[in-house]
2 protein chains.
Amino acid sequence: MEARKILLTEDEMPRRWYNILADIKMNPPLGPDGKPVKAEDLAPVFPMNLIEQEVSDQRWIDIPEPVLEVLATWRPAPLVRALSLEKALQTPAKIYFKNESVSPPGSHKPNTAVPQAYYNKVFGIERMTTETGAGQWGSALSYACSQFGLECKVFMVRVSFDQKPYRKSMMAAWGGKCVPSPSTETRAGREALEKDPHTPGSLGIAISEAIEAAVADGSGKTRYSLGSVLNHVMLHQTIIGLEARKQFEKIGLYPDVVVGCAGGGSNFAGLAFPFVLDKMNGKQVEIYPVEPAACPTLTKAPFVYDHGDTAGYTPLLPMHSLGHAFVPPPFHAGGLRYHGMAPTVSQLVTEGLITPRSVTQLDAYQAGVLTARTEGFIPAPETTHALAVVVEEARKAKEEGKQKVIVFNWSGHGLLDLGAYERYFCGELENYELSDTEIAQGESIFRNYPKPKLLKSGS
Amino acid sequence: MEARKILLTEDEMPRRWYNILADIKMNPPLGPDGKPVKAEDLAPVFPMNLIEQEVSDQRWIDIPEPVLEVLATWRPAPLVRALSLEKALQTPAKIYFKNESVSPPGSHKPNTAVPQAYYNKVFGIERMTTETGAGQWGSALSYACSQFGLECKVFMVRVSFDQKPYRKSMMAAWGGKCVPSPSTETRAGREALEKDPHTPGSLGIAISEAIEAAVADGSGKTRYSLGSVLNHVMLHQTIIGLEARKQFEKIGLYPDVVVGCAGGGSNFAGLAFPFVLDKMNGKQVEIYPVEPAACPTLTKAPFVYDHGDTAGYTPLLPMHSLGHAFVPPPFHAGGLRYHGMAPTVSQLVTEGLITPRSVTQLDAYQAGVLTARTEGFIPAPETTHALAVVVEEARKAKEEGKQKVIVFNWSGHGLLDLGAYERYFCGELENYELSDTEIAQGESIFRNYPKPKLLKSGS
């Protein structure tokens, strides 16, 4: 019987995160005055220990013991051989995935939610705020806060709040408080409601509400938290790839192809960055971030300075962006509906170290259903985007007769997204193609911003 | 760092199931003529290889290789130390659980669904039918059928079908066809609809429909499948307890207390039977099946002969029963809403080898929420019943100052039951106490049936 799962013991769990800032050159984030932001500018929003991590260029950063203890609830995550999927595809390729859906909230998100809650706790913070779109991030932060005795307040985009009541209940199970955004609790929310009492809300408004709720709290005991995009988030996620490398070592293999879906970039970065490090050191490996054709940040949008949020509250970040007011078409993969991309991931694309790809919604769901019917586990809609490229690569390997090793990140399960699968089975989902005009329209917003330099790492 | 998870490799997965029929005496099931049923009487309903397993008294039965290969998708399941729950309870007890929620359908059910699908496949069957209440079993059988290329048809109690659309979508993800029962596809269904076009349906009607759909198929290529109660179902589930015994051996411990919730009896039996075997061989261990106070089969109902289904189509089974027409109050733990109990579990109760306990709905949910906020994972409503007793035992250990080892079965996750948690948080759930009159009413139905003998095993 061929083994399906490569496991590590808790003793073998990585004790350090990999910080890619040690190995690549980056344009700095810019403040409203067009100058690089200073650490103290961010102090009302994030605790100083996380800000230090955000700007650190130390290559390896120790994972604190209390964080390891909580991560051990589900980590190390299995590296799984997708034997049944291989068989269905009749491919000579060996397909592996890191199963990040085994965490309590069901995705990779707690890999950063747990350390973020921990660092806030030791900094003396008592209450965290955040926003959530589809609900994965709000669930993960609620869970993490329950582990360190912090309060958690989540502003959830109203249309998702109404459509996915289970997400709110999940947060409540961990003691998190979830309110629909726009709410009447913040000025930003009240203004949005005044403009349109029936607004479905947006991630942009929700971010504004969450930041305002953190900053406006006079006690100084509240901070805001972000679940993707930022450097320290990517850092925390690298435990995925560091585990995967150890697991491949155990079986004497090394991947030829590394795949992860990319919305803000964190689950992709988590798996990929340790392999990018190897690539910078001479290893041969193809690395593919996969985005939806309906939100083609890396594949169609330029590398620019733009805001991370719709309202323009965040610093200008050097990244691929469709424009911070861009609203993606209503495809079903909430975690990939983001106009920008993590600056670190964007930088790697500009340097050609990773190669972005995009897939359509229907190809993604088709790959997802094939996987559910072979491997058994039902992937999150986000994960199905990675799967579509894996299927493509496996077919290519068959045509070429090559026994490639492919690894992808199973970023989450689809158990709270079965409504979207239902719509797929009923033929109600469609593909969205953006016209060049639409893309140009979205991009017009950053036309007059400063331009980032094209930096080349190692030079 | 203290280890949270005790893992086994796939090589260490048990290769044989434990058949308790080798070690206990049982009253036979009776046919309509009051005589023991013969194997061939069941042939239109089940394939003969499963019927042989149902009546086998061989102590150890080999698990077929193709079954092991599918089980390895998630097995061996982790034995988890509930360190955070222990800390919250300030108990000297060590609490462990077998995490059966890690399977693709999210419960212990596929442990038997997979071998049942396999045995049907090798017997030449092409299509399986079953009923489902809350949806766990229908999901598990749909998954199992997808693994062996069988069609699957699930009759789901209409009220659950309407309330839990995600369950239907989950079955569809694996290619299973789920229809609300009563349906117009069977005579039993049509008759029920004629009587009351707006009936919410019942498990009894759904069983009748599923059996009829299997038996009425002229091709002879369709069979029916049951997810609990029967001997072969308990047999398949023993892989849980056999793994747990190996895992305890690894850490040099043996449990003092074994706990599992009990509806039809299969998740309890799965964990407990290997420990019952040890107990029969002289080991000191307390074993508790836990049922809801609102459906107190083992704790309040007599050991009798009764039908397994509401319509009275099944043979008479020797078991604890509240009467086959008994309708439990509307508490939220669908898997525990059953009038009877597995004959093997019932027999062990009559012999005093295991000690049934009951808990109220609110105590169960309270223990469930405490566990979610400490251990992180959100337990199924059924699992919370086991948890309520675990919490009680941990507190008793604290009072007595004893370092007891407690193990329970985490039968499933609660991710598709978050609606029930929501109602709990809103204060909408209540306790149900059955009066003696209500219990006597339910039991009046089997008053004139034959009576089972009080057998004593090993004598």
# chains A, B, ... in the order shown; residues from 1 in each chain; ligands from 1
call {"tool": "closest_atom_pairs", "arguments": {"of": "chain A", "to": "chain B", "cutoff": "7 Å", "atoms": "only C-alpha atoms", "output": "JSON lines"}}
result
{"residue": "A:Met1", "atom": "CA", "partner": "B:Glu69", "partner_atom": "CA", "distance": 6.9}
{"residue": "A:Ala3", "atom": "CA", "partner": "B:Glu10", "partner_atom": "CA", "distance": 6.6}
{"residue": "A:Arg4", "atom": "CA", "partner": "B:Ala72", "partner_atom": "CA", "distance": 6.6}
{"residue": "A:Glu10", "atom": "CA", "partner": "B:Ala3", "partner_atom": "CA", "distance": 6.6}
{"residue": "A:Glu69", "atom": "CA", "partner": "B:Met1", "partner_atom": "CA", "distance": 6.9}
{"residue": "A:Ala72", "atom": "CA", "partner": "B:Arg4", "partner_atom": "CA", "distance": 6.6}
{"residue": "A:Thr73", "atom": "CA", "partner": "B:Arg4", "partner_atom": "CA", "distance": 6.6}
{"residue": "A:Pro104", "atom": "CA", "partner": "B:Phe377", "partner_atom": "CA", "distance": 4.7}
{"residue": "A:Tyr143", "atom": "CA", "partner": "B:Gly376", "partner_atom": "CA", "distance": 6.7}
{"residue": "A:Ser146", "atom": "CA", "partner": "B:Arg373", "partner_atom": "CA", "distance": 5.8}
{"residue": "A:Gln147", "atom": "CA", "partner": "B:Thr374", "partner_atom": "CA", "distance": 6.7}
{"residue": "A:Tyr166", "atom": "CA", "partner": "B:Leu418", "partner_atom": "CA", "distance": 5.6}
{"residue": "A:Ser169", "atom": "CA", "partner": "B:Glu422", "partner_atom": "CA", "distance": 5.4}
{"residue": "A:Met170", "atom": "CA", "partner": "B:Leu418", "partner_atom": "CA", "distance": 6.6}
{"residue": "A:Ala173", "atom": "CA", "partner": "B:Val369", "partner_atom": "CA", "distance": 6.2}
{"residue": "A:Trp174", "atom": "CA", "partner": "B:Arg373", "partner_atom": "CA", "distance": 5.1}
{"residue": "A:Val369", "atom": "CA", "partner": "B:Ala173", "partner_atom": "CA", "distance": 6.2}
{"residue": "A:Ala372", "atom": "CA", "partner": "B:Trp174", "partner_atom": "CA", "distance": 6.4}
{"residue": "A:Arg373", "atom": "CA", "partner": "B:Trp174", "partner_atom": "CA", "distance": 5.1}
{"residue": "A:Thr374", "atom": "CA", "partner": "B:Gln147", "partner_atom": "CA", "distance": 6.7}
{"residue": "A:Gly376", "atom": "CA", "partner": "B:Pro104", "partner_atom": "CA", "distance": 5.5}
{"residue": "A:Phe377", "atom": "CA", "partner": "B:Pro104", "partner_atom": "CA", "distance": 4.7}
{"residue": "A:Leu418", "atom": "CA", "partner": "B:Tyr166", "partner_atom": "CA", "distance": 5.6}
{"residue": "A:Gly419", "atom": "CA", "partner": "B:Tyr166", "partner_atom": "CA", "distance": 6.5}
{"residue": "A:Tyr421", "atom": "CA", "partner": "B:Ser169", "partner_atom": "CA", "distance": 6.8}
{"residue": "A:Glu422", "atom": "CA", "partner": "B:Ser169", "partner_atom": "CA", "distance": 5.4}
call {"tool": "residues_around", "arguments": {"residues": "stretch 257-270 of chain B", "least_positions_apart": "5", "cutoff": "9 Å", "atoms": "only C-alpha atoms", "output": "JSON, numbers by chain"}}
result
{"B": [108, 109, 227, 228, 229, 230, 233, 234, 235, 236, 237, 238, 239, 240, 241, 242, 275, 285, 286, 287, 288, 289, 290, 291, 292, 295, 297, 334, 335, 336, 337, 338, 339, 340, 341, 342, 343, 344, 345, 346, 382, 383, 384, 385, 386, 387, 389, 390, 393, 404, 405, 406, 407, 408, 409, 410, 411]}
call {"tool": "select_by_dssp", "arguments": {"residues": "stretch 245-440 of chain B", "states": "strand (DSSP E or B)", "output": "ChimeraX atom specification"}}
result
/B:257-261,286-292,303-307,316-320,357-359,379,405-410,412-413
call {"tool": "residues_around", "arguments": {"residues": "B:Thr91", "least_positions_apart": "3", "cutoff": "9 Å", "atoms": "only C-alpha atoms", "output": "PyMOL selection string"}}
result
chain B and resi 85-88+94+394-399+401-403
call {"tool": "atom_distance", "arguments": {"atom1": "atom CA of A:Pro302", "atom2": "atom CA of A:Leu454"}}
result
11.8 Å
call {"tool": "closest_residue", "arguments": {"among": "A:Phe97, A:Tyr254, A:Tyr424, A:Tyr449", "to": "A:Gly31", "atoms": "only C-alpha atoms"}}
result
A:Tyr449
call {"tool": "atom_distance", "arguments": {"atom1": "atom CA of B:Ser183", "atom2": "atom CA of B:Cys152"}}
result
15.9 Å
call {"tool": "closest_residue", "arguments": {"among": "B:Met128, B:Ala333, B:Ala22, B:Val114", "to": "B:Ser160", "atoms": "only C-alpha atoms"}}
result
B:Ala333
call {"tool": "select_by_dssp", "arguments": {"residues": "stretch 7-210 of chain B", "states": "alpha helix (DSSP H)", "output": "VMD selection string"}}
result
chain B and resid 48 to 55 65 to 71 83 to 89 110 to 122 136 to 148 158 to 163 165 to 173 187 to 195 203 to 210
call {"tool": "closest_residue", "arguments": {"among": "B:Ile205, B:Thr222, B:Ala93, B:Ala216", "to": "B:Phe46", "atoms": "only C-alpha atoms"}}
result
B:Thr222
call {"tool": "atom_distance", "arguments": {"atom1": "atom CA of A:Thr129", "atom2": "atom CA of A:Asn27"}}
result
28.1 Å
call {"tool": "residues_around", "arguments": {"residues": "B:Ile445", "least_positions_apart": "5", "cutoff": "9 Å", "atoms": "only C-alpha atoms", "output": "compact mmCIF listing (two decimals) with N, CA, C and O atoms, in the first residue's frame"}}
result
# COMPACT_ATOMS: atom_id res chain seq x y z
N ASP B 306 -38.00 -5.31 19.42
CA ASP B 306 -38.76 -4.26 18.73
C ASP B 306 -38.19 -4.08 17.32
O ASP B 306 -37.08 -4.51 17.02
N GLY B 323 -39.84 2.24 21.84
CA GLY B 323 -41.00 1.93 21.00
C GLY B 323 -40.80 2.49 19.60
O GLY B 323 -40.43 3.66 19.46
N HIS B 324 -41.05 1.65 18.57
CA HIS B 324 -40.64 2.07 17.24
C HIS B 324 -41.49 3.20 16.65
O HIS B 324 -41.20 3.69 15.57
N ALA B 325 -42.55 3.60 17.35
CA ALA B 325 -43.31 4.77 16.87
C ALA B 325 -42.97 6.02 17.68
O ALA B 325 -43.54 7.09 17.46
call {"tool": "closest_residue", "arguments": {"among": "A:Lys195, A:Lys279, A:Lys25, A:Arg190", "to": "A:Glu209", "atoms": "only C-alpha atoms"}}
result
A:Arg190
